[in-house]
file target-v5.csv (CSV, C-alpha atoms)
chain,number,residue,atom,x,y,z
A,1,MET,CA,5.1,26.7,6.7
A,2,SER,CA,4.0,30.3,7.4
A,3,ALA,CA,1.8,30.7,4.3
A,4,PRO,CA,-1.9,30.3,5.1
A,5,ASP,CA,-3.9,27.2,4.4
A,6,VAL,CA,-5.9,26.9,1.2
A,7,ARG,CA,-9.4,25.4,1.9
A,8,LYS,CA,-10.9,25.5,-1.6
A,9,ALA,CA,-9.3,24.5,-4.9
A,10,GLU,CA,-10.6,27.7,-6.5
A,11,GLU,CA,-8.2,29.7,-4.4
A,12,LEU,CA,-5.2,27.9,-6.0
A,13,SER,CA,-3.3,29.4,-8.9
A,14,PRO,CA,-4.2,27.7,-12.2
A,15,GLU,CA,-0.8,26.0,-12.5
A,16,VAL,CA,-0.9,24.5,-8.9
A,17,ARG,CA,-4.5,23.7,-9.2
A,18,ARG,CA,-3.9,21.7,-12.3
A,19,ALA,CA,-0.9,19.9,-10.9
A,20,LEU,CA,-2.6,19.1,-7.6
A,21,ARG,CA,-5.7,17.8,-9.4
A,22,ASP,CA,-3.5,15.6,-11.7
A,23,LEU,CA,-1.6,14.3,-8.7
A,24,ILE,CA,-4.6,13.4,-6.7
A,25,LEU,CA,-6.2,11.6,-9.7
A,26,SER,CA,-3.0,9.6,-10.3
A,27,LEU,CA,-2.9,8.6,-6.6
A,28,ALA,CA,-6.6,7.7,-6.6
A,29,ASP,CA,-6.3,5.6,-9.8
A,30,SER,CA,-3.2,3.9,-8.5
A,31,LYS,CA,-4.8,3.1,-5.2
A,32,ARG,CA,-8.0,1.9,-6.8
A,33,LEU,CA,-6.1,-0.4,-9.1
A,34,ILE,CA,-3.7,-1.8,-6.5
A,35,GLY,CA,-6.7,-2.5,-4.3
A,36,ILE,CA,-8.3,-4.5,-7.1
A,37,LEU,CA,-5.1,-6.3,-7.9
A,38,TYR,CA,-4.5,-7.2,-4.3
A,39,ALA,CA,-8.1,-8.4,-4.0
A,40,GLU,CA,-7.5,-11.0,-6.7
A,41,TRP,CA,-5.2,-12.7,-4.2
A,42,VAL,CA,-7.5,-12.7,-1.2
A,43,LEU,CA,-8.0,-16.5,-1.6
A,44,GLY,CA,-4.7,-17.2,-3.3
A,45,ALA,CA,-2.1,-16.2,-0.8
A,46,PRO,CA,0.2,-19.0,0.5
A,47,GLU,CA,-1.2,-19.0,4.1
A,48,LEU,CA,-4.4,-18.1,5.9
A,49,GLU,CA,-3.1,-15.1,7.6
A,50,ALA,CA,-1.7,-13.7,4.3
A,51,ASN,CA,-5.2,-14.1,2.8
A,52,ILE,CA,-6.6,-12.0,5.6
A,53,ALA,CA,-3.9,-9.4,5.3
A,54,ALA,CA,-4.4,-9.2,1.5
A,55,SER,CA,-8.1,-8.7,2.1
A,56,SER,CA,-7.6,-6.0,4.6
A,57,ILE,CA,-4.8,-4.2,2.7
A,58,SER,CA,-7.0,-4.3,-0.4
A,59,GLN,CA,-9.9,-2.7,1.5
A,60,ASP,CA,-7.5,-0.1,2.9
A,61,GLU,CA,-6.5,0.9,-0.7
A,62,TRP,CA,-10.1,1.0,-1.9
A,63,GLY,CA,-10.9,3.3,1.0
A,64,HIS,CA,-8.0,5.6,0.2
A,65,SER,CA,-9.0,5.8,-3.4
A,66,ARG,CA,-12.6,6.7,-2.4
A,67,LEU,CA,-11.3,9.5,-0.2
A,68,LEU,CA,-9.1,10.9,-3.0
A,69,TYR,CA,-11.7,10.6,-5.8
A,70,ALA,CA,-14.2,12.5,-3.5
A,71,LEU,CA,-11.7,15.2,-3.0
A,72,LEU,CA,-11.7,15.9,-6.8
A,73,LYS,CA,-15.2,17.3,-6.6
A,74,ASP,CA,-13.5,20.4,-5.2
A,75,PHE,CA,-11.6,20.7,-8.5
A,76,GLY,CA,-14.7,20.5,-10.6
A,77,ASP,CA,-14.6,16.8,-11.4
A,78,ASP,CA,-17.5,14.4,-11.0
A,79,PRO,CA,-16.2,11.6,-8.7
A,80,GLU,CA,-19.0,9.3,-9.9
A,81,LYS,CA,-17.8,9.6,-13.5
A,82,LEU,CA,-14.1,9.2,-12.5
A,83,GLU,CA,-14.9,6.0,-10.5
A,84,HIS,CA,-17.3,4.3,-12.8
A,85,GLU,CA,-17.2,5.6,-16.3
A,86,ARG,CA,-13.7,5.9,-17.6
A,87,GLU,CA,-11.9,3.8,-20.2
A,88,PRO,CA,-8.6,2.2,-19.4
A,89,SER,CA,-6.9,4.8,-21.7
A,90,GLU,CA,-8.2,7.6,-19.4
A,91,TYR,CA,-6.6,6.1,-16.2
A,92,CYS,CA,-3.6,7.9,-14.7
A,93,ASN,CA,-2.3,5.1,-12.6
A,94,ILE,CA,1.4,4.3,-12.1
A,95,GLU,CA,2.3,2.2,-15.0
A,96,ALA,CA,3.8,-0.5,-12.8
A,97,LEU,CA,0.2,-1.5,-12.1
A,98,ASP,CA,-0.9,-1.9,-15.7
A,99,LYS,CA,-0.4,-5.7,-15.6
A,100,ARG,CA,-2.3,-7.9,-13.1
A,101,PHE,CA,-0.3,-10.0,-10.6
A,102,ALA,CA,0.1,-13.4,-12.3
A,103,THR,CA,1.8,-14.8,-9.2
A,104,TRP,CA,2.1,-14.2,-5.5
A,105,THR,CA,5.7,-13.1,-6.2
A,106,GLU,CA,4.3,-10.3,-8.3
A,107,PHE,CA,1.9,-9.4,-5.5
A,108,VAL,CA,4.8,-9.2,-3.1
A,109,VAL,CA,6.9,-7.0,-5.4
A,110,ALA,CA,4.0,-4.6,-5.9
A,111,ASN,CA,3.3,-4.6,-2.2
A,112,ALA,CA,6.9,-3.9,-1.3
A,113,VAL,CA,7.9,-1.5,-4.1
A,114,VAL,CA,4.9,0.0,-6.0
A,115,ASP,CA,2.8,0.6,-2.9
A,116,THR,CA,5.9,2.2,-1.2
A,117,ALA,CA,6.3,4.6,-4.1
A,118,LEU,CA,2.6,5.7,-3.6
A,119,THR,CA,3.3,6.1,0.1
A,120,VAL,CA,6.4,8.2,-0.5
A,121,GLN,CA,4.3,10.5,-2.7
A,122,LEU,CA,1.6,10.7,-0.1
A,123,GLU,CA,4.0,11.6,2.6
A,124,ALA,CA,5.2,14.6,0.6
A,125,LEU,CA,1.6,15.9,1.0
A,126,SER,CA,1.3,15.4,4.7
A,127,GLU,CA,2.1,19.1,5.4
A,128,SER,CA,0.4,20.5,2.3
A,129,ARG,CA,-1.2,24.0,2.5
A,130,TYR,CA,-4.2,22.5,0.7
A,131,ALA,CA,-5.9,21.5,4.0
A,132,PRO,CA,-8.6,19.1,2.6
A,133,LEU,CA,-5.8,16.9,1.2
A,134,ARG,CA,-3.5,17.2,4.2
A,135,GLN,CA,-6.4,16.1,6.5
A,136,ARG,CA,-6.9,12.9,4.5
A,137,VAL,CA,-3.3,11.9,4.3
A,138,GLN,CA,-2.5,10.9,7.9
A,139,LYS,CA,-4.9,8.0,8.2
A,140,GLN,CA,-3.7,6.6,5.0
A,141,LEU,CA,-0.1,6.8,6.1
A,142,GLU,CA,-0.9,4.9,9.3
A,143,GLU,CA,-2.4,2.1,7.3
A,144,GLU,CA,0.4,2.1,4.8
A,145,ARG,CA,2.9,1.4,7.6
A,146,PHE,CA,1.5,-2.1,7.8
A,147,HIS,CA,1.3,-2.5,4.0
A,148,PHE,CA,5.1,-1.8,3.9
A,149,GLY,CA,5.7,-4.2,6.8
A,150,HIS,CA,3.8,-6.9,4.9
A,151,GLY,CA,5.6,-6.3,1.6
A,152,ALA,CA,9.1,-6.1,3.1
A,153,ALA,CA,8.6,-9.3,5.3
A,154,TRP,CA,7.3,-11.3,2.3
A,155,LEU,CA,10.1,-10.0,0.1
A,156,ARG,CA,12.7,-11.2,2.6
A,157,ARG,CA,10.9,-14.5,3.0
A,158,LEU,CA,10.6,-15.3,-0.7
A,159,ALA,CA,14.1,-14.2,-1.4
A,160,GLY,CA,15.3,-16.5,1.3
A,161,ALA,CA,13.6,-19.5,-0.3
A,162,GLY,CA,16.5,-20.2,-2.6
A,163,ASP,CA,18.2,-19.1,-5.8
A,164,GLU,CA,15.3,-20.0,-8.1
A,165,ALA,CA,12.8,-18.0,-6.0
A,166,ARG,CA,15.2,-15.1,-5.8
A,167,ALA,CA,15.6,-15.1,-9.6
A,168,ILE,CA,11.9,-14.9,-10.1
A,169,LEU,CA,11.6,-12.1,-7.6
A,170,GLN,CA,14.4,-10.2,-9.3
A,171,GLN,CA,12.7,-10.5,-12.7
A,172,ALA,CA,9.4,-9.2,-11.3
A,173,LEU,CA,11.3,-6.3,-9.6
A,174,ASP,CA,13.3,-5.5,-12.8
A,175,GLU,CA,10.1,-5.4,-14.9
A,176,ARG,CA,8.3,-2.8,-12.6
A,177,TRP,CA,11.3,-0.7,-11.5
A,178,PRO,CA,11.6,1.8,-14.4
A,179,ALA,CA,7.9,2.6,-14.3
A,180,VAL,CA,8.1,3.2,-10.5
A,181,LEU,CA,11.0,5.6,-10.8
A,182,ARG,CA,9.4,7.4,-13.8
A,183,TRP,CA,6.2,8.0,-11.9
A,184,PHE,CA,7.8,10.6,-9.7
A,185,GLY,CA,8.6,12.7,-12.8
A,186,PRO,CA,11.7,14.5,-14.0
A,187,ASP,CA,14.1,16.0,-11.4
A,188,ASN,CA,12.5,19.4,-11.3
A,189,PHE,CA,8.9,18.2,-11.6
A,190,GLY,CA,6.7,19.9,-9.1
A,191,ASP,CA,9.2,22.7,-8.2
A,192,GLU,CA,6.5,25.3,-8.2
A,193,GLY,CA,4.0,23.5,-5.9
A,194,LYS,CA,6.9,22.7,-3.6
A,195,ALA,CA,8.0,26.4,-3.4
A,196,GLU,CA,4.4,27.3,-2.5
A,197,GLY,CA,4.1,24.7,0.2
A,198,PHE,CA,1.6,22.3,-1.5
A,199,TRP,CA,4.0,19.4,-1.3
A,200,ASN,CA,7.6,19.2,0.0
A,201,ALA,CA,9.5,17.3,-2.7
A,202,ASN,CA,10.2,17.5,-6.5
A,203,GLY,CA,10.7,14.5,-8.7
A,204,ARG,CA,14.3,14.0,-7.9
A,205,GLU,CA,13.7,14.3,-4.1
A,206,LEU,CA,10.8,11.9,-4.3
A,207,ARG,CA,12.9,9.3,-6.2
A,208,GLN,CA,15.6,9.7,-3.6
A,209,ARG,CA,13.2,9.2,-0.7
A,210,PHE,CA,11.8,6.1,-2.4
A,211,LEU,CA,15.3,4.7,-3.0
A,212,GLU,CA,16.1,5.3,0.7
A,213,ARG,CA,13.0,3.4,1.7
A,214,ALA,CA,12.8,0.5,-0.7
A,215,GLY,CA,16.6,0.1,-1.4
A,216,PRO,CA,17.6,-1.3,1.9
A,217,VAL,CA,14.8,-3.8,2.0
A,218,ILE,CA,15.6,-5.0,-1.5
A,219,GLU,CA,19.4,-5.3,-0.8
A,220,ALA,CA,18.8,-6.9,2.6
A,221,SER,CA,16.8,-9.6,0.7
A,222,GLY,CA,19.8,-10.4,-1.5
A,223,LEU,CA,18.2,-8.8,-4.5
A,224,ALA,CA,20.1,-6.4,-6.8
A,225,LEU,CA,18.9,-2.8,-7.0
A,226,PRO,CA,17.9,-2.3,-10.6
A,227,PRO,CA,19.5,0.7,-12.5
A,228,ALA,CA,18.2,4.1,-11.5
A,229,ASP,CA,18.2,5.5,-15.1
A,230,VAL,CA,14.9,7.0,-16.0
A,231,GLU,CA,13.7,8.0,-19.5
A,232,PHE,CA,11.1,10.8,-19.9
A,233,ASP,CA,11.1,11.2,-23.7
A,234,VAL,CA,7.4,10.5,-24.2
A,235,TRP,CA,6.3,11.0,-20.6
A,236,ASP,CA,3.1,13.0,-20.1
A,237,PRO,CA,3.1,15.1,-16.9
A,238,ALA,CA,-0.7,15.2,-16.6
A,239,SER,CA,-1.2,11.5,-16.6
A,240,ARG,CA,2.3,10.7,-15.3
A,241,ARG,CA,2.5,8.0,-17.9
A,242,SER,CA,4.5,7.2,-21.1
A,243,SER,CA,1.8,5.0,-22.6
A,244,ARG,CA,-1.9,5.7,-23.0
A,245,ALA,CA,-2.6,2.0,-23.4
A,246,GLY,CA,-3.8,2.0,-19.8
A,247,PRO,CA,-4.2,-0.8,-17.3
A,248,ASP,CA,-5.5,-4.3,-17.9
A,249,PRO,CA,-9.1,-3.9,-19.2
A,250,GLU,CA,-10.5,-6.6,-16.9
A,251,ALA,CA,-8.9,-4.9,-13.9
A,252,VAL,CA,-10.6,-1.7,-14.9
A,253,ARG,CA,-14.0,-3.4,-15.4
A,254,ARG,CA,-13.7,-4.6,-11.8
A,255,ALA,CA,-12.4,-1.3,-10.6
A,256,ARG,CA,-15.4,0.5,-12.2
A,257,GLY,CA,-17.8,-2.1,-10.8
A,258,ASP,CA,-19.3,-2.8,-14.2
A,259,ARG,CA,-21.1,-6.0,-13.1
A,260,ASN,CA,-22.6,-4.2,-10.1
A,261,ARG,CA,-23.8,-1.1,-11.9
A,262,ALA,CA,-27.4,-1.9,-11.4
A,263,PHE,CA,-26.9,-1.8,-7.7
A,264,LEU,CA,-25.1,1.5,-7.6
A,265,MET,CA,-26.6,3.9,-5.1
A,266,ASP,CA,-26.0,7.6,-4.3
B,1,MET,CA,11.2,-20.9,7.1
B,2,ALA,CA,8.5,-22.7,9.0
B,3,ASP,CA,5.7,-20.8,10.6
B,4,ARG,CA,5.5,-20.5,14.3
B,5,VAL,CA,2.7,-19.5,16.6
B,6,TYR,CA,2.7,-16.0,18.0
B,7,VAL,CA,0.3,-15.0,20.8
B,8,VAL,CA,-1.5,-11.6,20.3
B,9,LEU,CA,-2.1,-9.4,23.3
B,10,ALA,CA,-3.9,-6.0,23.1
B,11,ARG,CA,-5.7,-3.3,25.0
B,12,LYS,CA,-8.2,-0.7,23.9
B,13,ASN,CA,-7.2,1.9,26.5
B,14,ARG,CA,-4.0,2.8,28.3
B,15,GLU,CA,-5.6,2.0,31.7
B,16,ASP,CA,-6.8,-1.5,30.6
B,17,PRO,CA,-4.7,-4.6,31.2
B,18,LEU,CA,-3.2,-6.3,28.1
B,19,ARG,CA,-5.5,-9.1,27.2
B,20,HIS,CA,-4.8,-12.3,25.2
B,21,ILE,CA,-7.0,-11.9,22.1
B,22,GLY,CA,-5.7,-14.7,19.9
B,23,SER,CA,-2.8,-15.9,17.9
B,24,VAL,CA,-1.4,-16.0,14.4
B,25,HIS,CA,1.0,-18.3,12.5
B,26,ALA,CA,3.9,-16.4,10.9
B,27,ALA,CA,7.4,-17.0,9.6
B,28,ASP,CA,9.0,-14.2,11.5
B,29,PRO,CA,8.0,-11.4,14.0
B,30,GLU,CA,7.6,-8.8,11.3
B,31,LEU,CA,5.0,-10.8,9.5
B,32,ALA,CA,3.4,-11.7,12.9
B,33,LYS,CA,2.9,-8.0,13.7
B,34,VAL,CA,1.2,-7.4,10.4
B,35,TYR,CA,-0.9,-10.5,10.6
B,36,ALA,CA,-2.0,-9.7,14.1
B,37,TRP,CA,-2.9,-6.1,13.3
B,38,LYS,CA,-4.8,-7.1,10.1
B,39,THR,CA,-6.5,-10.2,11.7
B,40,TYR,CA,-7.7,-8.6,14.9
B,41,ASP,CA,-8.8,-5.3,13.4
B,42,GLU,CA,-12.2,-5.2,15.0
B,43,GLU,CA,-11.1,-2.5,17.5
B,44,ARG,CA,-9.0,0.7,17.5
B,45,TRP,CA,-6.4,-0.8,19.8
B,46,PHE,CA,-4.4,1.5,22.0
B,47,GLU,CA,-1.6,-1.1,22.1
B,48,MET,CA,-1.0,-4.5,20.6
B,49,VAL,CA,2.0,-6.8,21.0
B,50,VAL,CA,2.9,-10.3,19.8
B,51,ALA,CA,5.2,-12.9,21.4
B,52,LEU,CA,6.2,-16.4,20.4
B,53,ARG,CA,3.9,-18.8,22.2
B,54,ASP,CA,7.0,-21.0,22.9
B,55,ALA,CA,8.1,-18.2,25.2
B,56,PHE,CA,5.3,-19.0,27.6
B,57,HIS,CA,5.9,-21.7,30.2
B,58,PRO,CA,2.9,-23.5,31.8
B,59,VAL,CA,3.0,-23.0,35.6
B,60,ASN,CA,0.3,-25.1,37.1
B,61,ARG,CA,-0.8,-27.4,34.2
B,62,ASP,CA,1.5,-29.6,32.1
B,63,GLU,CA,-1.2,-29.8,29.5
B,64,ALA,CA,-2.2,-26.2,29.7
B,65,PRO,CA,-4.9,-25.3,27.1
B,66,PHE,CA,-3.1,-22.0,26.3
B,67,ASN,CA,0.2,-23.6,25.5
B,68,ILE,CA,-1.1,-26.8,23.8
B,69,LYS,CA,1.0,-27.8,20.8
B,70,ARG,CA,-1.3,-28.4,17.9
B,71,GLN,CA,-0.5,-29.3,14.3
B,72,GLY,CA,-1.9,-27.5,11.2
B,73,THR,CA,-2.9,-24.0,10.5
B,74,GLY,CA,-5.6,-21.8,11.9
B,75,SER,CA,-5.5,-18.9,14.2
B,76,ALA,CA,-7.9,-19.5,17.0
B,77,GLU,CA,-6.5,-22.5,18.7
B,78,ALA,CA,-5.1,-21.0,21.9
B,79,GLY,CA,-7.7,-20.5,24.5
call {"tool": "encode", "arguments": {"input": "target-v5.csv", "output": "structure tokens"}}
result
Amino acid sequence: MSAPDVRKAEELSPEVRRALRDLILSLADSKRLIGILYAEWVLGAPELEANIAASSISQDEWGHSRLLYALLKDFGDDPEKLEHEREPSEYCNIEALDKRFATWTEFVVANAVVDTALTVQLEALSESRYAPLRQRVQKQLEEERFHFGHGAAWLRRLAGAGDEARAILQQALDERWPAVLRWFGPDNFGDEGKAEGFWNANGRELRQRFLERAGPVIEASGLALPPADVEFDVWDPASRRSSRAGPDPEAVRRARGDRNRAFLMD
Amino acid sequence: MADRVYVVLARKNREDPLRHIGSVHAADPELAKVYAWKTYDEERWFEMVVALRDAFHPVNRDEAPFNIKRQGTGSAEAG
């Protein structure tokens, strides 16, 4: 990209600045929530090594979200307020994380599919002209490689455990799939920022990259790829959501650290 | 699919020899790689590899501590 780097959000056009801010917040909220939801399984995974992996992956996601929230200061936001003071209805997470993981199967589907969607979006920022973001993406992507490896291996393993296990997996996958595809936005979503070099894919291209990444893993596991139809009638481009109900309130309380508020330090 | 023991070898720098740092139980090599990376994450490893412990053959001890077959779970049994 021959256009020069942008080092401060104030140098961005109002349209790109708004879109980039919304995207970073959606990624941060999604990573904060998936970290919290993973953490609920730190002692509940089926084997010791999976507990350790869940703990480590959870901490990775928490770290990613902190990096991303901190970046929003450059956009005039107060990261403290974003992290600790918002109601569920104000979260902009991918809707596939609204419900907690009731079973290890749901953990695995989120790990293999939802986490992968976030990674595909992150990859589209790895050459962004907005340098502060680009510089924070690479480390996250290195860690995400292992998250994907974990999710894909467990998906294969559970799917190979028999027809009943595969049916449960399929149901968990079918439930989350539409929200995952929708999160990338309509086909031409992000065209302007793409043309200016702030990311390198619009909604259609991101969806395609996601399908190319997750599709083979799903099909190799003997699961059916759910339909790729996406509905954007009531979709809000700022929050990237169709519903303002927000994620599970208990998950948000934990994400905000409500019980530890007295110990919060600068 | 039953878990098998994978030996974990790693080095911090290119010029270091690969060192046996532990083992993990995993159902397949892909999970073994993730488990090894996430379990032994105390260093920024230059290189890490895993191999089935069954691939190792004792040379001078029939009851070699490294290759001992033990039941149950837990990661730190190979010495």
call {"tool": "interface_residues", "arguments": {"input": "target-v5.csv", "of": "chain A", "to": "chain B", "cutoff": "12 Å", "atoms": "all atoms listed in the file", "output": "ChimeraX atom specification"}}
result
/A:46-60,142-162
call {"tool": "residues_around", "arguments": {"input": "target-v5.csv", "residues": "Pro186 (chain A)", "least_positions_apart": "2", "cutoff": "8 Å", "atoms": "all atoms listed in the file", "output": "list in words"}}
result
Arg182, Phe184, Asn188, Phe189, Gly203, Arg204 and Phe232 of chain A
call {"tool": "closest_residue", "arguments": {"input": "target-v5.csv", "among": "A:Leu173, A:Leu181, A:Ile168, A:Val108", "to": "Leu206 (chain A)", "atoms": "all atoms listed in the file"}}
result
A:Leu181
call {"tool": "atom_distance", "arguments": {"input": "target-v5.csv", "atom1": "CA of Glu61 (chain A)", "atom2": "CA of Trp183 (chain A)"}}
result
18.4 Å
call {"tool": "atom_distance", "arguments": {"input": "target-v5.csv", "atom1": "CA of Val113 (chain A)", "atom2": "CA of Val180 (chain A)"}}
result
7.9 Å
call {"tool": "residues_around", "arguments": {"input": "target-v5.csv", "residues": "region 55-60 of chain B", "least_positions_apart": "3", "cutoff": "12 Å", "atoms": "all atoms listed in the file", "output": "JSON, numbers by chain"}}
result
{"B": [4, 5, 6, 7, 50, 51, 52, 63, 64, 65, 66, 67, 68, 69]}
call {"tool": "write_last_selection", "arguments": {"input": "target-v5.csv", "atoms": "C-alpha atoms", "output": "short mmCIF file (atom, residue, chain, number, x, y, z; two decimals), in the frame of the given file"}}
result
data_model
loop_
_atom_site.label_atom_id
_atom_site.label_comp_id
_atom_site.auth_asym_id
_atom_site.auth_seq_id
_atom_site.Cartn_x
_atom_site.Cartn_y
_atom_site.Cartn_z
CA ARG B 4 5.50 -20.50 14.30
CA VAL B 5 2.70 -19.50 16.60
CA TYR B 6 2.70 -16.00 18.00
CA VAL B 7 0.30 -15.00 20.80
CA VAL B 50 2.90 -10.30 19.80
CA ALA B 51 5.20 -12.90 21.40
CA LEU B 52 6.20 -16.40 20.40
CA GLU B 63 -1.20 -29.80 29.50
CA ALA B 64 -2.20 -26.20 29.70
CA PRO B 65 -4.90 -25.30 27.10
CA PHE B 66 -3.10 -22.00 26.30
CA ASN B 67 0.20 -23.60 25.50
CA ILE B 68 -1.10 -26.80 23.80
CA LYS B 69 1.00 -27.80 20.80
#
call {"tool": "residues_around", "arguments": {"input": "target-v5.csv", "residues": "Gly246 (chain A)", "least_positions_apart": "3", "cutoff": "12 Å", "atoms": "all atoms listed in the file", "output": "PyMOL selection string"}}
result
chain A and resi 29-30+33+86-99+239-243+249-252
call {"tool": "closest_residue", "arguments": {"input": "target-v5.csv", "among": "A:Ala117, A:Leu72, A:Leu169, A:Val137", "to": "Trp104 (chain A)", "atoms": "only C-alpha atoms"}}
result
A:Leu169
call {"tool": "closest_residue", "arguments": {"input": "target-v5.csv", "among": "A:Ala3, A:Ala224, A:Leu125, A:Leu211", "to": "Leu23 (chain A)", "atoms": "only C-alpha atoms"}}
result
A:Leu125
call {"tool": "atom_distance", "arguments": {"input": "target-v5.csv", "atom1": "CA of Asp248 (chain A)", "atom2": "CA of Leu37 (chain A)"}}
result
10.2 Å
call {"tool": "closest_residue", "arguments": {"input": "target-v5.csv", "among": "B:Ile21, B:Glu15, B:Ala10, B:Arg61", "to": "Trp45 (chain B)", "atoms": "only C-alpha atoms"}}
result
B:Ala10
call {"tool": "residues_around", "arguments": {"input": "target-v5.csv", "residues": "Gly193 (chain A)", "least_positions_apart": "5", "cutoff": "8 Å", "atoms": "all atoms listed in the file", "output": "mmCIF file with C-alpha atoms, in the coordinates of the input"}}
result
data_model
loop_
_atom_site.group_PDB
_atom_site.id
_atom_site.type_symbol
_atom_site.label_atom_id
_atom_site.label_comp_id
_atom_site.auth_asym_id
_atom_site.auth_seq_id
_atom_site.Cartn_x
_atom_site.Cartn_y
_atom_site.Cartn_z
ATOM 1 C CA VAL A 16 -0.900 24.500 -8.900
ATOM 2 C CA ALA A 19 -0.900 19.900 -10.900
ATOM 3 C CA PHE A 198 1.600 22.300 -1.500
ATOM 4 C CA TRP A 199 4.000 19.400 -1.300
#
call {"tool": "closest_residue", "arguments": {"input": "target-v5.csv", "among": "A:Asn200, A:Glu80, A:Ala172, A:Phe75", "to": "Arg17 (chain A)", "atoms": "only C-alpha atoms"}}
result
A:Phe75
